[in-house]
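Enquirer: You'll find start19.pdb just under this line, and it carries PDB, C-alpha atoms.
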ATOM      1  CA  MET A 171     -56.573-186.114   9.133
ATOM      2  CA  THR A 172     -53.121-184.852   8.286
ATOM      3  CA  VAL A 173     -53.510-181.487   9.981
ATOM      4  CA  THR A 174     -51.407-181.801  13.114
ATOM      5  CA  ALA A 175     -51.816-178.358  14.668
ATOM      6  CA  VAL A 176     -53.704-175.095  14.246
ATOM      7  CA  ARG A 177     -52.603-172.031  16.146
ATOM      8  CA  LYS A 178     -54.504-168.781  16.016
ATOM      9  CA  ASP A 179     -52.969-165.636  17.400
ATOM     10  CA  PRO A 180     -55.678-163.000  17.308
ATOM     11  CA  ALA A 181     -53.416-160.209  18.519
ATOM     12  CA  ALA A 182     -50.905-160.749  15.729
ATOM     13  CA  ARG A 183     -53.697-161.618  13.256
ATOM     14  CA  THR A 184     -51.932-164.795  12.248
ATOM     15  CA  MET A 185     -53.002-168.338  11.863
ATOM     16  CA  VAL A 186     -50.580-171.257  11.576
ATOM     17  CA  VAL A 187     -51.708-174.571  10.165
ATOM     18  CA  GLU A 188     -49.330-177.522  10.346
ATOM     19  CA  ALA A 189     -49.739-180.756   8.466
ATOM     20  CA  GLU A 190     -47.721-183.925   7.918
ATOM     21  CA  PHE A 191     -47.625-185.981   4.769
ATOM     22  CA  ASP A 192     -46.251-189.405   3.833
ATOM     23  CA  ALA A 193     -44.159-187.889   1.082
ATOM     24  CA  SER A 194     -40.816-186.211   0.455
ATOM     25  CA  ALA A 195     -40.282-182.462   0.703
ATOM     26  CA  GLU A 196     -39.752-182.429  -3.052
ATOM     27  CA  ARG A 197     -43.165-184.036  -3.606
ATOM     28  CA  ILE A 198     -44.889-181.475  -1.370
ATOM     29  CA  TRP A 199     -43.048-178.654  -3.121
ATOM     30  CA  GLN A 200     -44.504-179.876  -6.423
ATOM     31  CA  LEU A 201     -48.004-179.172  -5.086
ATOM     32  CA  TRP A 202     -47.014-175.497  -5.185
ATOM     33  CA  ALA A 203     -44.552-175.521  -8.066
ATOM     34  CA  ASP A 204     -46.640-177.387 -10.641
ATOM     35  CA  PRO A 205     -49.568-175.214 -11.759
ATOM     36  CA  ARG A 206     -51.667-178.254 -12.756
ATOM     37  CA  GLN A 207     -51.309-179.676  -9.246
ATOM     38  CA  LEU A 208     -51.920-176.306  -7.625
ATOM     39  CA  GLU A 209     -55.219-176.108  -9.505
ATOM     40  CA  ARG A 210     -56.328-179.337  -7.937
ATOM     41  CA  TRP A 211     -56.143-178.186  -4.329
ATOM     42  CA  TRP A 212     -56.256-174.367  -4.163
ATOM     43  CA  GLY A 213     -59.990-174.018  -4.716
ATOM     44  CA  PRO A 214     -62.719-176.140  -3.156
ATOM     45  CA  PRO A 215     -64.704-178.410  -5.500
ATOM     46  CA  THR A 216     -67.394-175.729  -5.789
ATOM     47  CA  TYR A 217     -64.809-173.060  -6.763
ATOM     48  CA  PRO A 218     -62.119-174.843  -8.800
ATOM     49  CA  ALA A 219     -59.036-172.763  -9.550
ATOM     50  CA  THR A 220     -57.411-172.182 -12.923
ATOM     51  CA  VAL A 221     -53.813-170.966 -12.933
ATOM     52  CA  ASP A 222     -53.305-168.356 -15.669
ATOM     53  CA  ALA A 223     -49.644-167.505 -15.045
ATOM     54  CA  HIS A 224     -47.070-169.177 -12.863
ATOM     55  CA  GLU A 225     -43.645-167.606 -12.332
ATOM     56  CA  LEU A 226     -42.394-169.202  -9.138
ATOM     57  CA  ARG A 227     -39.329-167.064  -8.440
ATOM     58  CA  PRO A 228     -38.678-164.100  -6.137
ATOM     59  CA  GLY A 229     -40.395-161.090  -7.718
ATOM     60  CA  GLY A 230     -42.504-163.371  -9.907
ATOM     61  CA  ARG A 231     -46.262-163.642 -10.004
ATOM     62  CA  VAL A 232     -48.814-166.421 -10.004
ATOM     63  CA  ALA A 233     -52.182-165.402 -11.430
ATOM     64  CA  TYR A 234     -55.323-167.471 -11.022
ATOM     65  CA  HIS A 235     -59.054-167.343 -11.197
ATOM     66  CA  MET A 236     -61.742-169.482  -9.687
ATOM     67  CA  THR A 237     -65.056-170.459 -11.194
ATOM     68  CA  GLY A 238     -68.086-170.518  -8.949
ATOM     69  CA  PRO A 239     -71.334-172.444  -9.271
ATOM     70  CA  GLU A 240     -73.072-169.361 -10.731
ATOM     71  CA  GLY A 241     -70.300-168.876 -13.281
ATOM     72  CA  ASP A 242     -68.751-166.067 -11.251
ATOM     73  CA  GLN A 243     -64.989-165.844 -11.703
ATOM     74  CA  PRO A 244     -63.103-164.139  -8.902
ATOM     75  CA  HIS A 245     -59.463-163.441  -9.845
ATOM     76  CA  GLY A 246     -56.458-163.480  -7.589
ATOM     77  CA  TYR A 247     -52.681-163.417  -7.709
ATOM     78  CA  TRP A 248     -49.609-164.108  -5.615
ATOM     79  CA  ASP A 249     -46.630-161.793  -5.588
ATOM     80  CA  LEU A 250     -43.735-164.035  -4.680
ATOM     81  CA  LEU A 251     -41.449-162.570  -2.033
ATOM     82  CA  GLU A 252     -39.255-165.604  -1.262
ATOM     83  CA  VAL A 253     -38.903-168.841  -3.189
ATOM     84  CA  GLU A 254     -36.464-171.481  -1.911
ATOM     85  CA  PRO A 255     -37.285-174.900  -3.379
ATOM     86  CA  PRO A 256     -38.229-177.232  -1.836
ATOM     87  CA  HIS A 257     -38.401-175.612   1.596
ATOM     88  CA  ARG A 258     -39.788-172.121   1.702
ATOM     89  CA  LEU A 259     -42.268-169.886  -0.081
ATOM     90  CA  VAL A 260     -43.454-166.440   0.988
ATOM     91  CA  ALA A 261     -46.141-164.706  -1.044
ATOM     92  CA  TYR A 262     -48.684-161.946  -0.887
ATOM     93  CA  ASP A 263     -52.043-163.316  -2.015
ATOM     94  CA  GLY A 264     -54.117-160.482  -3.414
ATOM     95  CA  PHE A 265     -57.296-159.906  -5.367
ATOM     96  CA  ALA A 266     -57.340-158.981  -9.032
ATOM     97  CA  HIS A 267     -59.732-157.401 -11.513
ATOM     98  CA  GLU A 268     -61.231-159.527 -14.273
ATOM     99  CA  ASP A 269     -58.339-158.691 -16.605
ATOM    100  CA  GLY A 270     -55.919-160.011 -13.984
ATOM    101  CA  THR A 271     -54.503-156.655 -12.857
ATOM    102  CA  PRO A 272     -54.172-156.363  -9.059
ATOM    103  CA  ASN A 273     -57.033-154.721  -7.219
ATOM    104  CA  PRO A 274     -55.378-152.694  -4.446
ATOM    105  CA  ASP A 275     -58.756-151.809  -2.915
ATOM    106  CA  MET A 276     -59.151-155.315  -1.602
ATOM    107  CA  PRO A 277     -56.663-156.229   1.098
ATOM    108  CA  GLY A 278     -54.803-159.490   0.660
ATOM    109  CA  THR A 279     -53.042-161.957   2.900
ATOM    110  CA  THR A 280     -49.350-162.766   3.279
ATOM    111  CA  PHE A 281     -48.546-166.415   3.724
ATOM    112  CA  THR A 282     -45.321-168.241   4.537
ATOM    113  CA  VAL A 283     -44.944-171.907   3.664
ATOM    114  CA  ALA A 284     -42.219-173.998   5.335
ATOM    115  CA  ILE A 285     -41.621-177.564   4.163
ATOM    116  CA  ASP A 286     -39.268-179.838   6.113
ATOM    117  CA  GLU A 287     -38.674-183.578   6.154
ATOM    118  CA  VAL A 288     -39.093-185.045   9.622
ATOM    119  CA  GLY A 289     -37.788-188.596   9.035
ATOM    120  CA  ASP A 290     -39.427-191.922   8.148
ATOM    121  CA  GLY A 291     -40.312-190.511   4.745
ATOM    122  CA  ARG A 292     -42.570-187.907   6.280
ATOM    123  CA  THR A 293     -42.675-184.175   5.611
ATOM    124  CA  ARG A 294     -44.107-181.393   7.713
ATOM    125  CA  MET A 295     -45.595-178.350   6.036
ATOM    126  CA  SER A 296     -46.530-175.276   7.989
ATOM    127  CA  ILE A 297     -48.471-172.358   6.571
ATOM    128  CA  GLU A 298     -48.548-169.118   8.443
ATOM    129  CA  SER A 299     -51.141-166.650   7.188
ATOM    130  CA  HIS A 300     -51.124-163.033   8.198
ATOM    131  CA  PHE A 301     -54.168-160.977   7.355
ATOM    132  CA  PRO A 302     -54.749-157.263   7.744
ATOM    133  CA  GLY A 303     -58.342-157.150   8.962
ATOM    134  CA  THR A 304     -61.964-158.174   8.761
ATOM    135  CA  GLU A 305     -62.502-157.279   5.162
ATOM    136  CA  ALA A 306     -59.548-159.348   3.949
ATOM    137  CA  MET A 307     -60.768-162.308   5.937
ATOM    138  CA  GLU A 308     -64.261-162.069   4.591
ATOM    139  CA  GLN A 309     -63.051-161.732   0.999
ATOM    140  CA  MET A 310     -60.741-164.708   1.342
ATOM    141  CA  ILE A 311     -63.541-166.741   2.767
ATOM    142  CA  ALA A 312     -65.997-165.710   0.074
ATOM    143  CA  MET A 313     -63.497-166.773  -2.601
ATOM    144  CA  GLY A 314     -62.434-170.037  -1.098
ATOM    145  CA  MET A 315     -65.083-171.179   1.244
ATOM    146  CA  GLU A 316     -68.167-173.032   0.379
ATOM    147  CA  GLU A 317     -67.591-176.229   2.256
ATOM    148  CA  GLY A 318     -67.435-175.743   5.978
ATOM    149  CA  MET A 319     -69.535-172.619   5.684
ATOM    150  CA  THR A 320     -72.322-174.349   7.506
ATOM    151  CA  GLN A 321     -70.100-175.433  10.342
ATOM    152  CA  ALA A 322     -71.900-174.820  13.576
ATOM    153  CA  VAL A 323     -70.631-172.010  15.693
ATOM    154  CA  GLY A 324     -70.172-172.608  19.394
ATOM    155  CA  GLN A 325     -71.767-170.305  21.894
ATOM    156  CA  ILE A 326     -68.625-169.021  23.479
ATOM    157  CA  ASP A 327     -65.334-167.916  22.053
ATOM    158  CA  ALA A 328     -62.723-170.658  22.267
ATOM    159  CA  MET A 329     -60.394-168.438  24.218
ATOM    160  CA  LEU A 330     -62.999-167.784  26.851
ATOM    161  CA  ALA A 331     -63.644-171.490  27.164
ATOM    162  CA  GLU A 332     -59.922-172.128  27.637
ATOM    163  CA  ASP A 333     -59.712-169.500  30.364
ATOM    164  CA  ALA A 334     -62.680-171.042  32.134
ATOM    165  CA  VAL A 335     -61.015-174.444  32.170
ATOM    166  CA  ARG A 336     -57.827-172.967  33.583
ATOM    167  CA  SER A 337     -59.448-170.983  36.392
TER     168      SER A 337
ATOM    169  CA  MET B  98     -77.121-154.348  18.767
ATOM    170  CA  GLN B  99     -73.888-153.732  16.921
ATOM    171  CA  THR B 100     -73.239-156.397  14.334
ATOM    172  CA  THR B 101     -70.460-155.022  12.143
ATOM    173  CA  LEU B 102     -67.273-155.242  14.096
ATOM    174  CA  GLU B 103     -63.706-154.373  13.346
ATOM    175  CA  PHE B 104     -61.765-157.587  13.416
ATOM    176  CA  ASP B 105     -58.575-155.833  14.563
ATOM    177  CA  GLN B 106     -60.301-154.162  17.440
ATOM    178  CA  VAL B 107     -62.135-157.254  18.527
ATOM    179  CA  PHE B 108     -59.049-159.391  18.605
ATOM    180  CA  SER B 109     -56.706-156.898  20.164
ATOM    181  CA  ALA B 110     -59.368-156.417  22.835
ATOM    182  CA  LEU B 111     -59.563-160.183  23.399
ATOM    183  CA  ALA B 112     -55.787-160.586  23.453
ATOM    184  CA  ASP B 113     -55.687-159.585  27.141
ATOM    185  CA  ALA B 114     -56.534-162.159  29.838
ATOM    186  CA  THR B 115     -58.196-159.638  32.163
ATOM    187  CA  ARG B 116     -60.421-158.401  29.372
ATOM    188  CA  ARG B 117     -61.373-161.950  28.429
ATOM    189  CA  ASP B 118     -62.291-162.525  32.044
ATOM    190  CA  ILE B 119     -64.411-159.375  32.070
ATOM    191  CA  VAL B 120     -66.194-160.583  28.932
ATOM    192  CA  ARG B 121     -66.870-163.924  30.619
ATOM    193  CA  ARG B 122     -68.199-162.345  33.824
ATOM    194  CA  ALA B 123     -70.310-159.851  31.891
ATOM    195  CA  MET B 124     -72.223-162.651  30.201
ATOM    196  CA  ASP B 125     -74.267-162.764  33.388
ATOM    197  CA  ALA B 126     -74.773-159.013  33.054
ATOM    198  CA  GLY B 127     -75.194-158.358  36.750
ATOM    199  CA  GLU B 128     -72.248-156.175  37.638
ATOM    200  CA  GLY B 129     -71.214-152.597  37.145
ATOM    201  CA  VAL B 130     -67.641-151.429  36.651
ATOM    202  CA  ALA B 131     -67.019-151.010  40.388
ATOM    203  CA  GLU B 132     -68.205-154.554  41.140
ATOM    204  CA  LEU B 133     -66.157-155.971  38.280
ATOM    205  CA  ALA B 134     -63.125-154.092  39.596
ATOM    206  CA  SER B 135     -63.378-155.892  42.941
ATOM    207  CA  HIS B 136     -62.401-159.176  41.242
ATOM    208  CA  TYR B 137     -59.013-157.957  40.074
ATOM    209  CA  PRO B 138     -55.849-156.845  41.856
ATOM    210  CA  MET B 139     -55.851-153.522  40.040
ATOM    211  CA  SER B 140     -57.304-150.070  40.394
ATOM    212  CA  PHE B 141     -60.851-149.087  39.489
ATOM    213  CA  ALA B 142     -59.386-146.816  36.817
ATOM    214  CA  ALA B 143     -57.445-149.685  35.262
ATOM    215  CA  VAL B 144     -60.550-151.871  35.085
ATOM    216  CA  GLN B 145     -62.539-148.946  33.721
ATOM    217  CA  LYS B 146     -59.949-148.646  30.946
ATOM    218  CA  HIS B 147     -60.279-152.347  30.105
ATOM    219  CA  VAL B 148     -64.058-152.016  29.946
ATOM    220  CA  ALA B 149     -63.720-148.987  27.655
ATOM    221  CA  ILE B 150     -61.511-150.966  25.261
ATOM    222  CA  LEU B 151     -64.053-153.791  25.193
ATOM    223  CA  GLU B 152     -66.837-151.306  24.642
ATOM    224  CA  ARG B 153     -65.065-149.705  21.672
ATOM    225  CA  ALA B 154     -64.538-153.155  20.174
ATOM    226  CA  GLY B 155     -68.276-153.811  20.480
ATOM    227  CA  LEU B 156     -67.727-156.740  22.832
ATOM    228  CA  VAL B 157     -69.557-155.267  25.807
ATOM    229  CA  THR B 158     -72.189-152.592  26.299
ATOM    230  CA  LYS B 159     -73.024-150.563  29.372
ATOM    231  CA  ARG B 160     -76.692-150.649  30.134
ATOM    232  CA  ARG B 161     -78.635-148.669  32.672
ATOM    233  CA  ILE B 162     -80.802-150.804  34.936
ATOM    234  CA  GLY B 163     -82.578-148.566  37.450
ATOM    235  CA  ARG B 164     -79.919-146.387  38.994
ATOM    236  CA  ARG B 165     -77.124-148.753  38.124
ATOM    237  CA  LYS B 166     -75.098-149.210  35.002
ATOM    238  CA  VAL B 167     -74.255-152.832  34.315
ATOM    239  CA  VAL B 168     -71.723-154.178  31.865
ATOM    240  CA  ARG B 169     -73.106-156.739  29.484
ATOM    241  CA  THR B 170     -71.358-158.936  26.939
ATOM    242  CA  ASN B 171     -72.399-158.547  23.316
ATOM    243  CA  MET B 172     -72.601-162.203  22.282
ATOM    244  CA  ALA B 173     -73.048-161.303  18.616
ATOM    245  CA  GLY B 174     -69.617-159.651  18.648
ATOM    246  CA  LEU B 175     -67.958-162.758  19.987
ATOM    247  CA  LEU B 176     -69.682-164.995  17.515
ATOM    248  CA  VAL B 177     -68.654-162.904  14.515
ATOM    249  CA  ALA B 178     -65.013-162.977  15.568
ATOM    250  CA  ARG B 179     -65.072-166.656  16.272
ATOM    251  CA  ARG B 180     -66.803-167.514  13.030
ATOM    252  CA  LEU B 181     -64.278-165.640  10.896
ATOM    253  CA  LEU B 182     -61.317-167.490  12.347
ATOM    254  CA  ASP B 183     -63.102-170.821  12.194
ATOM    255  CA  GLN B 184     -63.918-170.321   8.542
ATOM    256  CA  TYR B 185     -60.349-169.410   7.686
ATOM    257  CA  GLU B 186     -59.161-172.547   9.442
ATOM    258  CA  GLU B 187     -61.740-174.582   7.547
ATOM    259  CA  LEU B 188     -60.479-173.135   4.238
ATOM    260  CA  TRP B 189     -56.945-174.418   4.900
ATOM    261  CA  ARG B 190     -58.126-177.738   6.288
ATOM    262  CA  GLY B 191     -59.959-178.295   3.002
ATOM    263  CA  ARG B 192     -56.843-177.424   0.998
ATOM    264  CA  ILE B 193     -54.679-179.767   3.036
ATOM    265  CA  ASP B 194     -57.178-182.601   2.614
ATOM    266  CA  ARG B 195     -56.983-182.126  -1.152
ATOM    267  CA  MET B 196     -53.164-182.002  -1.010
ATOM    268  CA  THR B 197     -53.171-185.274   0.901
ATOM    269  CA  GLU B 198     -55.331-186.902  -1.761
ATOM    270  CA  LEU B 199     -52.955-185.683  -4.463
ATOM    271  CA  VAL B 200     -49.787-187.006  -2.831
ATOM    272  CA  THR B 201     -51.298-190.363  -1.907
ATOM    273  CA  GLU B 202     -52.991-191.186  -5.207
ATOM    274  CA  PRO B 203     -51.141-193.394  -7.696
ATOM    275  CA  LYS B 204     -49.615-191.367 -10.538
ATOM    276  CA  GLU B 205     -51.554-193.357 -13.194
ATOM    277  CA  SER B 206     -54.893-192.038 -11.960
ATOM    278  CA  ASN B 207     -54.041-188.422 -12.799
ATOM    279  CA  PRO B 208     -56.776-187.207 -15.129
TER     280      PRO B 208
END
Here is the file; what I need is its structure written in the form of structure tokens.
Expert:
Amino acid sequence: MTVTAVRKDPAARTMVVEAEFDASAERIWQLWADPRQLERWWGPPTYPATVDAHELRPGGRVAYHMTGPEGDQPHGYWDLLEVEPPHRLVAYDGFAHEDGTPNPDMPGTTFTVAIDEVGDGRTRMSIESHFPGTEAMEQMIAMGMEEGMTQAVGQIDAMLAEDAVRS
Amino acid sequence: MQTTLEFDQVFSALADATRRDIVRRAMDAGEGVAELASHYPMSFAAVQKHVAILERAGLVTKRRIGRRKVVRTNMAGLLVARRLLDQYEELWRGRIDRMTELVTEPKESNP
């Protein structure tokens, strides 16, 4: 497991996922910068992604669609806000109509990627996602989540459990 | 039972330690607002306000039992909130697993 930390801040509606890889920052950047590599990890095996346009520069856009088991093809796009190879990427990930034009009725997510070498040939990547509300979350999940969907849900909210341990 | 919940409301309600404690106590569903208030170093009115915020978020309900009104946790509300965050985490864990496979595989095996 390369995920080293997950922090959820419900009040700020953010989630940070940190991971470490045995690779250089440049190699990790390529996962984002090379559309053929991006296609291989963005969607789960049941919803593989196809990148239709890929302009990785500030103000540029990445357009993609995913293909589901029923042949359904949800479309999405990133509007790139900051692009600083190989260290930083900030993008708004939104939903698009079938012709690829943005669908403003569906709220998207803003994510910030930070990539930094930590020595010994290792690189840490952190992804901070900020989402506007329930609907955005559910849409994101519907588009990207097949695996893990069946994950059992505990009986009590994690935060409550933490409080109980502390008191 | 309320099942559609506003994510924002649920999580801003849960962002406060006192309110989380109220939610935890109210799972037993035995106490009214006045009894709940006795557990905290704050006024009845302040606790009443916390309960109202939780109620609006759908996390607790007030239920009349005889002459008393008890505060009860809505477990469905908690589970919905928890599930959404868990699923989002799972989405990124899956992506990072696939990234790891990509950076560790030998270049020759690229299809």
Enquirer: Given the file above and the PyMOL selection byres ((chain A and resi 245) around 12), which residues are selected, and can you give them as a count of residues only?
Expert: 37
Enquirer: Can you tell me how far atom CA of Val120 of chain B sits from atom CA of Trp189 of chain B, in Å to one decimal?
Expert: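 Distance reported for this atom pair: 29.2 Å.
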Enquirer: Please enclose the listed atoms of segment 261-275 of chain A in an axis-aligned box, pad each side by 6 Å, and write out the centre and the three edge lengths in Å, rounded to one decimal, as JSON.
Expert:
{"center_x": -53.7, "center_y": -158.3, "center_z": -8.7, "size_x": 27.1, "size_y": 24.9, "size_z": 27.7}
Enquirer: Give me, as an MDAnalysis selection string, all polymer residues having an atom no more than 12 Å from His136 of chain B, counting all atoms listed in the file and skipping those fewer than 6 positions away in the same chain.
Expert: chainID B and resid 115 118:119 122 128:130 144
Enquirer: Considering all atoms listed in the file, can you say which of A:Pro274, A:Ser296, A:Arg227, A:Glu240 comes closest to chain B?
Expert: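 Closest residue, counting all atoms listed in the file: A:Ser296.
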Enquirer: Which residues are near Val148 of chain B? Cut-off 10 Å, only C-alpha atoms, ignore same chain within fewer than 3 positions. Put them as a PyMOL selection string.
Expert: chain B and resi 110+115-116+119-120+130+133-134+142-145+151-154+156-159+168
Enquirer: How many Å lie between atom CA of Ala189 of chain A and atom CA of Asp249 of chain A, rounded to one decimal?
Expert: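 Atom-to-atom, atom CA of Ala189 of chain A to atom CA of Asp249 of chain A, that is 23.8 Å.
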Enquirer: Tell me which residues the PyMOL selection byres ((chain A and resi 186) around 9) grabs here, as a PyMOL selection string.
Expert: (chain A and resi 175-179+184-185+187-188+296-300) or (chain B and resi 186)
Enquirer: Please report the interatomic distance between atom CA of Asp204 of chain A and atom CA of Val173 of chain A in Å with one decimal.
Expert: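 For atom CA of Asp204 of chain A relative to atom CA of Val173 of chain A, the distance reads 22.1 Å.
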Enquirer: When you look at Glu196 of chain A with a cut-off of 10 Å (counting only C-alpha atoms), what residues show up, excluding the ones that are within fewer than 4 positions of it in the same chain? I need them as JSON, numbers by chain.
Expert: {"A": [200, 201, 203, 255, 256, 257, 285, 286, 287, 293]}
Enquirer: Taking all atoms listed in the file into account, name the residue in A:Phe281, A:Trp199, A:Trp211, A:Phe301 that is nearest to chain B.
Expert: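 For chain B, the nearest of the candidates is A:Trp211.
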Enquirer: Please determine, counting only C-alpha atoms, which residue among A:Met295, A:Arg231, A:Ala284, A:Leu250 has the shortest atom-to-atom distance to chain B.
Expert: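 The answer is A:Met295, which sits nearest to chain B.
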Enquirer: So, counting only C-alpha atoms, which residue among A:Leu251, A:Pro205, A:Arg210, A:Tyr262 is closest to chain B?
Expert: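 Under the stated criterion, the closest residue is A:Arg210.
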